[in-house]
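Before any comments, here is the structure.
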Amino acid sequence: MSKKIVRWRWGWLPAVFAGTFAACAAEAPIQFLGPNIVPNPGFETAGTYAPWTVSGLNKGAEASIDTSVALEGKCSMRLAALESGTQLVLQSPPIPVKGGQIYLFSIAFRQEGFTTRKDGPLSCGVSSFPQICWIDAQSRVIGSGNMSQFPYSSWPWDMRDAFETAPATARFVQIKVSISNNSEKQCGKTIPSTLWIDGIQLRAYSPPPTPAWALGKAELIVDGDASSSPVLTWFANDPQIWHGLGGKWSRSVRDDQAERGTALEAPPDVGPGMMGHGRYNPSLPAGLGVYRLQVRVKLPPNGGNVGFVDVTSQRCSTRLRLDISGNDKNSGYRTWEGDFILRDSGWWCVRMHTLGKSSWRIDSVKIIPVFPFSDRQLLSIYPVSASELPADLLPASYQAVSGGPLQPSRTWLVGGLGSDWYQLARAFKLLHRDNETEVTWVDKKSPTAIINGLPEDMSTLLFRNNLICLCNVPMNVMPLTLKSAICEYVRRGGALLVLGGHQGYERGFWQGSFLEEIMPVEVAATATEGLIDLGSGLQLSPGTVPSDCLATIPLKDLPYVRYLHKVKLKPGAEVLMKAGEYPFIVGWHSGKGRVVCVLGRAEGTMPKEHLPFWQWQYWPLLLRDAGWWAVGYSATGK
């Protein structure tokens with residue numbers, strides 16, 4: 001390949017951006033994860049893959065360090081099966097481990113070839129997969145991991161990861177990666193195929209304790225009340241969750257030992273099948289991070305392996321497989337648990353499977369948020385989550401209406417519930433005579449939300465716009481790829497306008513996000529800390545820093561605001577508009593771009609003589625001028 005393709009990550013950028021990103025290059029330690037114990041995990045050492053070895057090198061098979069395609073650093077490992085009948089196996093030396101210890105295993109990959117199909121990943125005889133093998137003190141393989149294989153198709157940089165538990169007698173682990181090409185035998189023609197590997201990790205994991213607020217019985221929700229607990233609990237008598245009810249592999253039965261009096265039972269002698277299937281959850285209220293699956297199970301007296309419960313996801317494959325086995329002599333309920341990581345905002349779900357031999361029961365399933373990740377922490381262990389952007393890609397520049405050839409203005413709005421209260425459509429129409437606005441809505445789902453219609457190619461979506469607006473958007477439903485791409489868009493000269501609401505700022509997990517790093521304000525940690533109730537309201541006034549942002553706005557009879565997001569100004573922030581002594585509109589420069597934050601919430605009742613700011617006739621003009629300031633345009637020519 002002639003063009004260098006590098007996945008963007010803090011600290012690995014062209015020299016022109018080095019100063020801008022210096023503050024972001026530090027690692028974000030996570031107390032329950034140990035250091036990476038894989039030798040030469042990114043194949044950077046002296047440009048070789050030692051101490052790794054490759055078997056299967058013959059005609060049509062190649063293995064090399066590639067400096068043109070990399071996820072991290074400057075290199076990746078390239079395995080090429082260019083002719084049918086070839087198989088390559090990359091393997092690490094034996095790595096010392098501790099028996100019984102849980103490890104987080106992750107591996108990044110990229111693929112070309114593999115199939116001739118454009119409409120799906122159907123196998124054409126080319127396959128690849130990672131594997132970890134546990135080895136005892138006598139050098140015998142005593143077990144292997146449950147890592148999902150790679151897709152049967154060309155694939156951009158992606159990752160497979162899982163928590164794996166070393167057997168009690170394990171003393172070493174060996175990591176293997178295979179690519180096998182049998183395309184001619186499978187589909188009648190040879191498909192040259194290449195696999196790249198990078199960023200392999202094996203980190204000791206010490207599970208954090210279950211939070212005290214997650215212990216005990218689940219909340220009982222009646223009359224449509226919403227639960228205040230971040231714990232998701234599903235019971236066997238909920239027909240909206242347990243889609244296997246009444247089927248061949250499950251039935252609802254009375255059980256006085258069950259918390260709600262009923263349980264989901266797998267009948268005996270029915271063969272393997274799915275007992276139940278949870279709903280497709282878009283994300284969890286506490287954001288992306290570590291979660292604990294707890295399943296309350298009653299085993300049969302004869303015991304043995306009766307089935308398993310797993311968590312699967314849209315983009316990250318299997319998150320957890322919890323095997324259910326044992327011998328319950330007391331015929332009571334026991335709790336089985338395991339941890340998994342959500343690292344992407346795509347859907348995920350819980351499934352329950354029976355092996356169909358013995359009769360056993362499930363009372364309830366709980367999902368407990370144990371540790372939410374900040375964006376920086378997530379990226380420190382999952383670098384593939386960042387955006388792949390060409391180094392020469394720049395945001396569209398704003399061109400005012402001043403005669404001559406006219407470039408239309410483009411705006412992208414990600415809008416949450418209540419965005420229409422801010423009159424954004426009118427404000428964007430005032431930005432430019434030929435402004436075009438594309439809207440992506442945040443779809444509110446129980447218990448959280450999802451952003452609909454996001455394209456795979458973030459660069460096409462972002463960099464054609466002069467202005468990006470985020471209104472009442474929770475960060476825990478925004479993919480890390482999008483957040484990191486928006487940051488890079490701004491730093492390369494783009495304009496960002498941020499407005500709040502009941503799911504914005506402190507109420508939308510903005511603290512600790514990449515977007516908070518490019519904003520002129522620090523967001524409060526909790527919803528209670530981040531809300532200012534001004535009672536009967538405070539009147540707006542010009543900011544303390546001179547700006548031409550208000551040059552076209554009459555500054556008499558200014559409106560009022562009741563609710564504000566409470567923030568801390570960063571050094572260099574410019575207060576463009578305030579309410580009393582509180583900042584109302586704040587802007588600043590981030591890299592080569594600008595960010596404007598509107599902190600007033602379009603809600604709340606006030607005395608009749610206090611006109612709410614969002615009903616003020618000049619409010620769309622004020623938003624327009626804030627947008628002009630963000631894109632670097634001055635109506636006064638200053």
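Simple scheme: letters A, B, ... for chains in structure tokens order, numbers from 1 for residues in each chain, numbers from 1 for ligands in the order shown.
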
Handout entry: Residue neighbourhood Phe129 (chain A), 7 Å, only C-alpha atoms, exclusion window fewer than 6 positions, as an MDAnalysis selection string
Key = chainID A and resid 149:150 177:179

Store the residues picked out above in a file with N, CA and C atoms, as an mmCIF file, in the first residue's frame.
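Contents of out-v6.cif, as written:
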```cif
data_model
loop_
_atom_site.group_PDB
_atom_site.id
_atom_site.type_symbol
_atom_site.label_atom_id
_atom_site.label_comp_id
_atom_site.auth_asym_id
_atom_site.auth_seq_id
_atom_site.Cartn_x
_atom_site.Cartn_y
_atom_site.Cartn_z
ATOM 1 N N GLN A 149 -14.056 -15.057 16.727
ATOM 2 C CA GLN A 149 -13.161 -14.985 15.585
ATOM 3 C C GLN A 149 -13.385 -13.693 14.825
ATOM 4 N N PHE A 150 -12.475 -13.392 13.899
ATOM 5 C CA PHE A 150 -12.596 -12.192 13.092
ATOM 6 C C PHE A 150 -13.634 -12.414 11.984
ATOM 7 N N VAL A 177 -2.536 -16.149 16.598
ATOM 8 C CA VAL A 177 -3.402 -15.531 15.599
ATOM 9 C C VAL A 177 -3.206 -16.287 14.299
ATOM 10 N N SER A 178 -4.302 -16.725 13.685
ATOM 11 C CA SER A 178 -4.218 -17.543 12.474
ATOM 12 C C SER A 178 -4.963 -16.896 11.314
ATOM 13 N N ILE A 179 -4.434 -17.082 10.103
ATOM 14 C CA ILE A 179 -5.150 -16.764 8.874
ATOM 15 C C ILE A 179 -5.004 -17.963 7.955
#
```

Exercise for the section: Write out as a PyMOL selection string each polymer residue whose atoms come within 12 Å of Asp420 (chain A), counting only C-alpha atoms; drop sequence neighbours fewer than 6 positions from it. Expected result: chain A and resi 413-414+426-427+439+441+471-472+499+501+602-603+614-615+620

Exercise for the section: Would you kindly return, as a PyMOL selection string, each protein, DNA or RNA residue with an atom no farther than 9 Å from any atom of region 76-91 of chain A, considering only C-alpha atoms and excluding same-chain residues fewer than 5 positions away? Expected result: chain A and resi 42-44+48-49+52-71+125-126+174-185+189-199

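Using only C-alpha atoms, the smallest distance between any of A:Leu531, A:Cys597, A:Met147, A:Leu538 and His565 (chain A) comes from A:Leu531.
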
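One finds CA of Val477 (chain A) at 21.7 Å from CA of Ala162 (chain A).
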
Problem - Every residue of region 414-577 of chain A that DSSP places in strand (DSSP E or B), as a PyMOL selection string - result: chain A and resi 414-415+436-444+449-451+467-471+495-499+521-523+531-542+560-565+567-569+574-577

Those same residues - C-alpha atoms - I'd like them written as a tab-separated table (two decimals), in the first residue's frame.
```
chain	number	residue	atom	x	y	z
A	414	VAL	CA	-27.57	16.54	16.61
A	415	GLY	CA	-30.80	17.31	18.43
A	436	GLU	CA	-28.38	23.81	4.45
A	437	THR	CA	-29.04	22.00	7.73
A	438	GLU	CA	-28.85	18.25	8.23
A	439	VAL	CA	-30.50	16.96	11.41
A	440	THR	CA	-29.76	13.77	13.32
A	441	TRP	CA	-32.15	13.12	16.20
A	442	VAL	CA	-31.48	11.58	19.59
A	443	ASP	CA	-34.21	8.97	19.94
A	444	LYS	CA	-35.31	8.61	23.55
A	449	ALA	CA	-31.42	7.07	24.27
A	450	ILE	CA	-29.74	6.36	20.95
A	451	ILE	CA	-28.54	8.57	18.09
A	467	LEU	CA	-20.85	24.47	11.94
A	468	ILE	CA	-21.79	21.50	14.13
A	469	CYS	CA	-24.43	21.95	16.82
A	470	LEU	CA	-25.09	19.55	19.72
A	471	CYS	CA	-28.32	20.32	21.58
A	495	ALA	CA	-16.91	25.44	14.66
A	496	LEU	CA	-18.98	23.80	17.42
A	497	LEU	CA	-22.09	25.15	19.15
A	498	VAL	CA	-23.25	23.33	22.30
A	499	LEU	CA	-26.63	23.80	24.02
A	521	VAL	CA	-16.04	25.21	30.56
A	522	GLU	CA	-15.62	22.35	33.03
A	523	VAL	CA	-18.86	20.45	33.55
A	531	LEU	CA	-28.15	23.05	38.14
A	532	ILE	CA	-28.67	26.69	39.10
A	533	ASP	CA	-32.30	27.68	39.83
A	534	LEU	CA	-32.56	31.46	39.61
A	535	GLY	CA	-36.13	31.52	40.96
A	536	SER	CA	-37.92	34.43	39.31
A	537	GLY	CA	-35.05	34.67	36.81
A	538	LEU	CA	-32.09	36.90	36.03
A	539	GLN	CA	-31.87	39.29	33.10
A	540	LEU	CA	-29.24	38.72	30.44
A	541	SER	CA	-26.51	41.28	29.85
A	542	PRO	CA	-23.40	41.59	27.64
A	560	TYR	CA	-34.51	36.45	31.40
A	561	VAL	CA	-33.34	32.94	32.26
A	562	ARG	CA	-34.36	30.76	35.20
A	563	TYR	CA	-32.32	27.57	34.87
A	564	LEU	CA	-28.59	27.48	34.09
A	565	HIS	CA	-26.02	24.73	33.82
A	567	VAL	CA	-19.90	25.27	35.11
A	568	LYS	CA	-16.36	26.40	35.83
A	569	LEU	CA	-14.75	28.66	33.26
A	574	GLU	CA	-14.72	34.53	26.78
A	575	VAL	CA	-18.10	35.29	28.37
A	576	LEU	CA	-20.19	36.59	25.46
A	577	MET	CA	-23.41	36.90	27.47
```

Find the spatial neighbours of region 348-363 of chain A, counting only C-alpha atoms, within a cut-off of 8 Å - ignore same-chain residues fewer than 4 positions away - and output them as a PDB file with N, CA and C atoms, in the first residue's frame.
```pdb
ATOM      1  N   PHE A 235     -37.264  -9.775  35.345  1.00  0.00           N
ATOM      2  CA  PHE A 235     -37.813 -10.958  35.995  1.00  0.00           C
ATOM      3  C   PHE A 235     -38.468 -11.873  34.969  1.00  0.00           C
ATOM      4  N   ALA A 236     -38.618 -13.125  35.388  1.00  0.00           N
ATOM      5  CA  ALA A 236     -39.104 -14.154  34.477  1.00  0.00           C
ATOM      6  C   ALA A 236     -40.546 -13.935  34.048  1.00  0.00           C
ATOM      7  N   TRP A 249     -38.278 -24.234  24.805  1.00  0.00           N
ATOM      8  CA  TRP A 249     -37.161 -24.279  25.743  1.00  0.00           C
ATOM      9  C   TRP A 249     -37.405 -23.500  27.039  1.00  0.00           C
ATOM     10  N   ALA A 258     -38.754 -17.747  44.412  1.00  0.00           N
ATOM     11  CA  ALA A 258     -38.407 -16.653  43.509  1.00  0.00           C
ATOM     12  C   ALA A 258     -38.842 -15.331  44.125  1.00  0.00           C
ATOM     13  N   GLU A 259     -38.112 -14.285  43.810  1.00  0.00           N
ATOM     14  CA  GLU A 259     -38.364 -12.986  44.442  1.00  0.00           C
ATOM     15  C   GLU A 259     -39.761 -12.468  44.166  1.00  0.00           C
ATOM     16  N   THR A 262     -42.545 -16.099  40.616  1.00  0.00           N
ATOM     17  CA  THR A 262     -42.517 -16.891  39.393  1.00  0.00           C
ATOM     18  C   THR A 262     -41.086 -16.991  38.899  1.00  0.00           C
ATOM     19  N   ALA A 263     -40.842 -18.019  38.091  1.00  0.00           N
ATOM     20  CA  ALA A 263     -39.499 -18.224  37.539  1.00  0.00           C
ATOM     21  C   ALA A 263     -39.619 -18.698  36.102  1.00  0.00           C
ATOM     22  N   LEU A 264     -38.515 -18.573  35.375  1.00  0.00           N
ATOM     23  CA  LEU A 264     -38.423 -19.087  34.015  1.00  0.00           C
ATOM     24  C   LEU A 264     -37.771 -20.454  34.092  1.00  0.00           C
ATOM     25  N   GLU A 265     -38.458 -21.474  33.600  1.00  0.00           N
ATOM     26  CA  GLU A 265     -37.976 -22.849  33.729  1.00  0.00           C
ATOM     27  C   GLU A 265     -37.670 -23.442  32.359  1.00  0.00           C
ATOM     28  N   ALA A 266     -36.522 -24.103  32.280  1.00  0.00           N
ATOM     29  CA  ALA A 266     -36.168 -24.873  31.089  1.00  0.00           C
ATOM     30  C   ALA A 266     -36.624 -26.311  31.301  1.00  0.00           C
ATOM     31  N   PRO A 267     -37.487 -26.870  30.435  1.00  0.00           N
ATOM     32  CA  PRO A 267     -37.939 -28.250  30.592  1.00  0.00           C
ATOM     33  C   PRO A 267     -36.793 -29.236  30.344  1.00  0.00           C
ATOM     34  N   PRO A 268     -36.893 -30.460  30.825  1.00  0.00           N
ATOM     35  CA  PRO A 268     -35.859 -31.477  30.560  1.00  0.00           C
ATOM     36  C   PRO A 268     -36.046 -32.117  29.197  1.00  0.00           C
ATOM     37  N   ASP A 269     -34.952 -32.654  28.673  1.00  0.00           N
ATOM     38  CA  ASP A 269     -34.981 -33.501  27.477  1.00  0.00           C
ATOM     39  C   ASP A 269     -35.597 -32.819  26.248  1.00  0.00           C
ATOM     40  N   VAL A 270     -35.267 -31.543  26.042  1.00  0.00           N
ATOM     41  CA  VAL A 270     -35.782 -30.831  24.865  1.00  0.00           C
ATOM     42  C   VAL A 270     -34.666 -30.445  23.890  1.00  0.00           C
ATOM     43  N   GLY A 271     -33.425 -30.738  24.249  1.00  0.00           N
ATOM     44  CA  GLY A 271     -32.314 -30.356  23.385  1.00  0.00           C
ATOM     45  C   GLY A 271     -31.924 -28.906  23.590  1.00  0.00           C
ATOM     46  N   PRO A 272     -30.785 -28.506  23.047  1.00  0.00           N
ATOM     47  CA  PRO A 272     -30.294 -27.143  23.257  1.00  0.00           C
ATOM     48  C   PRO A 272     -31.139 -26.095  22.553  1.00  0.00           C
ATOM     49  N   GLY A 273     -31.313 -24.964  23.211  1.00  0.00           N
ATOM     50  CA  GLY A 273     -32.084 -23.878  22.624  1.00  0.00           C
ATOM     51  C   GLY A 273     -32.073 -22.656  23.514  1.00  0.00           C
ATOM     52  N   MET A 274     -32.741 -21.592  23.079  1.00  0.00           N
ATOM     53  CA  MET A 274     -32.745 -20.312  23.789  1.00  0.00           C
ATOM     54  C   MET A 274     -33.970 -20.214  24.692  1.00  0.00           C
ATOM     55  N   MET A 275     -33.722 -20.049  25.989  1.00  0.00           N
ATOM     56  CA  MET A 275     -34.809 -19.885  26.948  1.00  0.00           C
ATOM     57  C   MET A 275     -35.457 -18.506  26.833  1.00  0.00           C
ATOM     58  N   GLY A 276     -34.635 -17.502  26.643  1.00  0.00           N
ATOM     59  CA  GLY A 276     -35.155 -16.143  26.612  1.00  0.00           C
ATOM     60  C   GLY A 276     -34.159 -15.192  25.991  1.00  0.00           C
ATOM     61  N   HIS A 277     -34.674 -14.042  25.590  1.00  0.00           N
ATOM     62  CA  HIS A 277     -33.868 -13.060  24.878  1.00  0.00           C
ATOM     63  C   HIS A 277     -34.256 -11.687  25.403  1.00  0.00           C
ATOM     64  N   GLY A 278     -33.280 -10.959  25.952  1.00  0.00           N
ATOM     65  CA  GLY A 278     -33.557  -9.622  26.432  1.00  0.00           C
ATOM     66  C   GLY A 278     -33.765  -8.646  25.297  1.00  0.00           C
ATOM     67  N   ARG A 279     -34.253  -7.470  25.621  1.00  0.00           N
ATOM     68  CA  ARG A 279     -34.461  -6.440  24.616  1.00  0.00           C
ATOM     69  C   ARG A 279     -33.111  -5.901  24.140  1.00  0.00           C
ATOM     70  N   TYR A 280     -33.131  -5.235  22.993  1.00  0.00           N
ATOM     71  CA  TYR A 280     -31.922  -4.634  22.445  1.00  0.00           C
ATOM     72  C   TYR A 280     -31.732  -3.261  23.086  1.00  0.00           C
ATOM     73  N   ASN A 281     -30.839  -3.213  24.067  1.00  0.00           N
ATOM     74  CA  ASN A 281     -30.613  -1.981  24.807  1.00  0.00           C
ATOM     75  C   ASN A 281     -29.600  -1.114  24.074  1.00  0.00           C
ATOM     76  N   PRO A 282     -29.893   0.185  23.879  1.00  0.00           N
ATOM     77  CA  PRO A 282     -28.941   1.038  23.167  1.00  0.00           C
ATOM     78  C   PRO A 282     -27.717   1.394  23.997  1.00  0.00           C
ATOM     79  N   SER A 283     -27.875   1.533  25.308  1.00  0.00           N
ATOM     80  CA  SER A 283     -26.752   1.830  26.200  1.00  0.00           C
ATOM     81  C   SER A 283     -27.292   1.762  27.615  1.00  0.00           C
ATOM     82  N   VAL A 295     -27.110 -13.397  37.685  1.00  0.00           N
ATOM     83  CA  VAL A 295     -28.228 -14.265  37.314  1.00  0.00           C
ATOM     84  C   VAL A 295     -28.580 -15.135  38.512  1.00  0.00           C
ATOM     85  N   ARG A 296     -29.821 -15.068  38.954  1.00  0.00           N
ATOM     86  CA  ARG A 296     -30.276 -15.874  40.097  1.00  0.00           C
ATOM     87  C   ARG A 296     -30.859 -17.180  39.556  1.00  0.00           C
ATOM     88  N   VAL A 297     -30.204 -18.309  39.896  1.00  0.00           N
ATOM     89  CA  VAL A 297     -30.479 -19.596  39.261  1.00  0.00           C
ATOM     90  C   VAL A 297     -30.751 -20.663  40.311  1.00  0.00           C
ATOM     91  N   LYS A 298     -31.678 -21.566  39.979  1.00  0.00           N
ATOM     92  CA  LYS A 298     -31.915 -22.774  40.779  1.00  0.00           C
ATOM     93  C   LYS A 298     -31.523 -23.977  39.925  1.00  0.00           C
ATOM     94  N   LEU A 299     -30.512 -24.714  40.390  1.00  0.00           N
ATOM     95  CA  LEU A 299     -30.000 -25.861  39.643  1.00  0.00           C
ATOM     96  C   LEU A 299     -30.723 -27.144  40.041  1.00  0.00           C
ATOM     97  N   PRO A 300     -30.710 -28.141  39.156  1.00  0.00           N
ATOM     98  CA  PRO A 300     -31.335 -29.432  39.489  1.00  0.00           C
ATOM     99  C   PRO A 300     -30.452 -30.211  40.450  1.00  0.00           C
ATOM    100  N   ASN A 305     -23.476 -29.301  33.834  1.00  0.00           N
ATOM    101  CA  ASN A 305     -23.571 -28.092  33.032  1.00  0.00           C
ATOM    102  C   ASN A 305     -24.957 -28.036  32.397  1.00  0.00           C
ATOM    103  N   VAL A 306     -25.766 -27.031  32.771  1.00  0.00           N
ATOM    104  CA  VAL A 306     -27.162 -26.994  32.321  1.00  0.00           C
ATOM    105  C   VAL A 306     -27.400 -25.955  31.226  1.00  0.00           C
ATOM    106  N   GLY A 307     -26.511 -24.965  31.100  1.00  0.00           N
ATOM    107  CA  GLY A 307     -26.719 -23.943  30.091  1.00  0.00           C
ATOM    108  C   GLY A 307     -25.793 -22.766  30.321  1.00  0.00           C
ATOM    109  N   PHE A 308     -26.108 -21.652  29.686  1.00  0.00           N
ATOM    110  CA  PHE A 308     -25.279 -20.462  29.870  1.00  0.00           C
ATOM    111  C   PHE A 308     -26.106 -19.213  29.578  1.00  0.00           C
ATOM    112  N   VAL A 309     -25.612 -18.101  30.089  1.00  0.00           N
ATOM    113  CA  VAL A 309     -26.190 -16.781  29.820  1.00  0.00           C
ATOM    114  C   VAL A 309     -25.098 -15.945  29.191  1.00  0.00           C
ATOM    115  N   ASP A 310     -25.412 -15.256  28.095  1.00  0.00           N
ATOM    116  CA  ASP A 310     -24.381 -14.431  27.474  1.00  0.00           C
ATOM    117  C   ASP A 310     -24.894 -13.024  27.199  1.00  0.00           C
ATOM    118  N   VAL A 311     -23.947 -12.129  27.011  1.00  0.00           N
ATOM    119  CA  VAL A 311     -24.230 -10.749  26.616  1.00  0.00           C
ATOM    120  C   VAL A 311     -23.571 -10.542  25.256  1.00  0.00           C
ATOM    121  N   THR A 312     -24.367 -10.189  24.264  1.00  0.00           N
ATOM    122  CA  THR A 312     -23.829  -9.937  22.940  1.00  0.00           C
ATOM    123  C   THR A 312     -24.093  -8.488  22.563  1.00  0.00           C
ATOM    124  N   SER A 313     -23.388  -8.002  21.556  1.00  0.00           N
ATOM    125  CA  SER A 313     -23.509  -6.595  21.211  1.00  0.00           C
ATOM    126  C   SER A 313     -23.427  -6.410  19.708  1.00  0.00           C
ATOM    127  N   GLN A 314     -23.832  -5.218  19.249  1.00  0.00           N
ATOM    128  CA  GLN A 314     -23.944  -4.934  17.824  1.00  0.00           C
ATOM    129  C   GLN A 314     -22.587  -4.880  17.142  1.00  0.00           C
TER     130      GLN A 314
END
```

Exercise for the section: May I have the residues within 10 Å of Phe514 (chain A) as a ChimeraX atom specification, using only C-alpha atoms and disregarding those fewer than 5 positions away in the same chain? Expected result: /A:24,374-376,475,480,483-487,519

Practice task
Considering only C-alpha atoms, return as a list in words whatever protein or nucleic-acid residues lie within 10 Å of Cys187 (chain A), sequence-local ones (same chain, fewer than 6 positions apart) excluded.
Solution key: Thr115, Thr116, Ser123, Cys124 and Gly125 of chain A

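Of the residues under consideration (A:Leu623, A:Leu33, A:Leu389, A:Val38), A:Leu623 shows the shortest atom-to-atom contact distance to Leu431 (chain A) when counting only C-alpha atoms.
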
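Near Phe371 (chain A), within a cut-off of 9 Å and counting only C-alpha atoms, sit the residues Pro208, Ala286, Leu288, Gly289, Val290 and Tyr291 of chain A, with same-chain residues fewer than 4 positions away left out.
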
Residue selection dump (N, CA, C and O atoms) as a CSV table (one decimal), in the first residue's frame:
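So out.csv came out as:
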```csv
chain,number,residue,atom,x,y,z
A,208,PRO,N,-13.9,-4.8,40.7
A,208,PRO,CA,-14.3,-3.9,41.7
A,208,PRO,C,-15.4,-4.5,42.5
A,208,PRO,O,-16.2,-5.3,42.0
A,286,ALA,N,-25.4,4.8,33.1
A,286,ALA,CA,-24.1,5.2,33.6
A,286,ALA,C,-23.0,5.3,32.6
A,286,ALA,O,-21.9,5.6,32.9
A,288,LEU,N,-20.5,4.1,29.2
A,288,LEU,CA,-19.7,3.0,28.8
A,288,LEU,C,-18.8,2.7,29.9
A,288,LEU,O,-18.2,3.6,30.6
A,289,GLY,N,-18.5,1.4,30.2
A,289,GLY,CA,-17.6,1.0,31.3
A,289,GLY,C,-17.8,-0.5,31.6
A,289,GLY,O,-18.2,-1.3,30.8
A,290,VAL,N,-17.5,-0.8,32.8
A,290,VAL,CA,-17.6,-2.2,33.3
A,290,VAL,C,-18.9,-2.4,34.0
A,290,VAL,O,-19.4,-1.6,34.8
A,291,TYR,N,-19.6,-3.5,33.6
A,291,TYR,CA,-20.9,-3.9,34.2
A,291,TYR,C,-20.8,-5.3,34.7
A,291,TYR,O,-20.0,-6.1,34.3
```

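With only C-alpha atoms as the atoms that count, the minimum distance from Ile102 (chain A) to the choices A:Gly338, A:Pro156, A:Gly508, A:Gly304 is reached by A:Gly338.
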
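Take the candidates A:Gly73, A:Ser154, A:Asn466, A:Lys578 and check each one against Tyr633 (chain A) using only C-alpha atoms; the shortest distance goes to A:Asn466.
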
Practice task
Would you list, as a ChimeraX atom specification, the residues of region 4-172 of chain A that end up in helix (DSSP H, G or I) under DSSP run on this structure's backbone?
Solution key: /A:15-24,45-47

Would you save the residues from that selection as a PDB file, in the first residue's frame, using N, CA, C and O atoms?
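Result saved to out.pdb:
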```pdb
ATOM      1  N   ALA A  15       3.175  16.382  13.093  1.00  0.00           N
ATOM      2  CA  ALA A  15       3.880  17.331  13.952  1.00  0.00           C
ATOM      3  C   ALA A  15       3.132  18.648  14.084  1.00  0.00           C
ATOM      4  O   ALA A  15       3.224  19.324  15.104  1.00  0.00           O
ATOM      5  N   VAL A  16       2.358  19.025  13.073  1.00  0.00           N
ATOM      6  CA  VAL A  16       1.650  20.288  13.126  1.00  0.00           C
ATOM      7  C   VAL A  16       0.652  20.335  14.268  1.00  0.00           C
ATOM      8  O   VAL A  16       0.296  21.391  14.768  1.00  0.00           O
ATOM      9  N   PHE A  17       0.188  19.163  14.733  1.00  0.00           N
ATOM     10  CA  PHE A  17      -0.784  19.124  15.817  1.00  0.00           C
ATOM     11  C   PHE A  17      -0.153  18.771  17.155  1.00  0.00           C
ATOM     12  O   PHE A  17      -0.844  18.673  18.153  1.00  0.00           O
ATOM     13  N   ALA A  18       1.143  18.544  17.198  1.00  0.00           N
ATOM     14  CA  ALA A  18       1.783  18.016  18.402  1.00  0.00           C
ATOM     15  C   ALA A  18       1.548  18.899  19.615  1.00  0.00           C
ATOM     16  O   ALA A  18       1.254  18.428  20.709  1.00  0.00           O
ATOM     17  N   GLY A  19       1.665  20.248  19.445  1.00  0.00           N
ATOM     18  CA  GLY A  19       1.490  21.129  20.586  1.00  0.00           C
ATOM     19  C   GLY A  19       0.066  21.126  21.090  1.00  0.00           C
ATOM     20  O   GLY A  19      -0.186  21.155  22.289  1.00  0.00           O
ATOM     21  N   THR A  20      -0.901  21.095  20.174  1.00  0.00           N
ATOM     22  CA  THR A  20      -2.305  21.107  20.553  1.00  0.00           C
ATOM     23  C   THR A  20      -2.675  19.898  21.390  1.00  0.00           C
ATOM     24  O   THR A  20      -3.468  19.981  22.314  1.00  0.00           O
ATOM     25  N   PHE A  21      -2.091  18.746  21.068  1.00  0.00           N
ATOM     26  CA  PHE A  21      -2.504  17.514  21.707  1.00  0.00           C
ATOM     27  C   PHE A  21      -1.613  17.104  22.872  1.00  0.00           C
ATOM     28  O   PHE A  21      -1.844  16.071  23.478  1.00  0.00           O
ATOM     29  N   ALA A  22      -0.603  17.897  23.206  1.00  0.00           N
ATOM     30  CA  ALA A  22       0.341  17.481  24.231  1.00  0.00           C
ATOM     31  C   ALA A  22      -0.344  17.201  25.553  1.00  0.00           C
ATOM     32  O   ALA A  22      -0.002  16.257  26.268  1.00  0.00           O
ATOM     33  N   ALA A  23      -1.349  18.017  25.892  1.00  0.00           N
ATOM     34  CA  ALA A  23      -2.017  17.847  27.173  1.00  0.00           C
ATOM     35  C   ALA A  23      -2.862  16.592  27.227  1.00  0.00           C
ATOM     36  O   ALA A  23      -3.288  16.158  28.291  1.00  0.00           O
ATOM     37  N   CYS A  24      -3.125  15.979  26.059  1.00  0.00           N
ATOM     38  CA  CYS A  24      -4.022  14.835  26.010  1.00  0.00           C
ATOM     39  C   CYS A  24      -3.284  13.509  25.903  1.00  0.00           C
ATOM     40  O   CYS A  24      -3.904  12.456  25.818  1.00  0.00           O
ATOM     41  N   THR A  45       9.353  -3.000  18.483  1.00  0.00           N
ATOM     42  CA  THR A  45      10.720  -3.208  18.941  1.00  0.00           C
ATOM     43  C   THR A  45      11.659  -3.493  17.775  1.00  0.00           C
ATOM     44  O   THR A  45      11.565  -4.546  17.131  1.00  0.00           O
ATOM     45  N   ALA A  46      12.540  -2.554  17.526  1.00  0.00           N
ATOM     46  CA  ALA A  46      13.608  -2.721  16.520  1.00  0.00           C
ATOM     47  C   ALA A  46      13.062  -3.134  15.149  1.00  0.00           C
ATOM     48  O   ALA A  46      13.768  -3.746  14.355  1.00  0.00           O
ATOM     49  N   GLY A  47      11.786  -2.821  14.891  1.00  0.00           N
ATOM     50  CA  GLY A  47      11.217  -3.118  13.576  1.00  0.00           C
ATOM     51  C   GLY A  47      11.054  -4.601  13.290  1.00  0.00           C
ATOM     52  O   GLY A  47      10.944  -5.006  12.133  1.00  0.00           O
TER      53      GLY A  47
END
```

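Of the listed residues (A:Val173, A:Asn146, A:Gln503, A:Ile30), A:Asn146 comes nearest to Asp323 (chain A); the distances count only C-alpha atoms.
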
Exercise for the section: Quote the spacing between CA of Ile368 (chain A) and CA of Arg292 (chain A) in Å to one decimal place. Expected result: 5.0 Å

Exercise for the section: Measure the distance from CA of Glu609 (chain A) to CA of Pro554 (chain A) in Å and round it to one decimal. Expected result: 18.3 Å
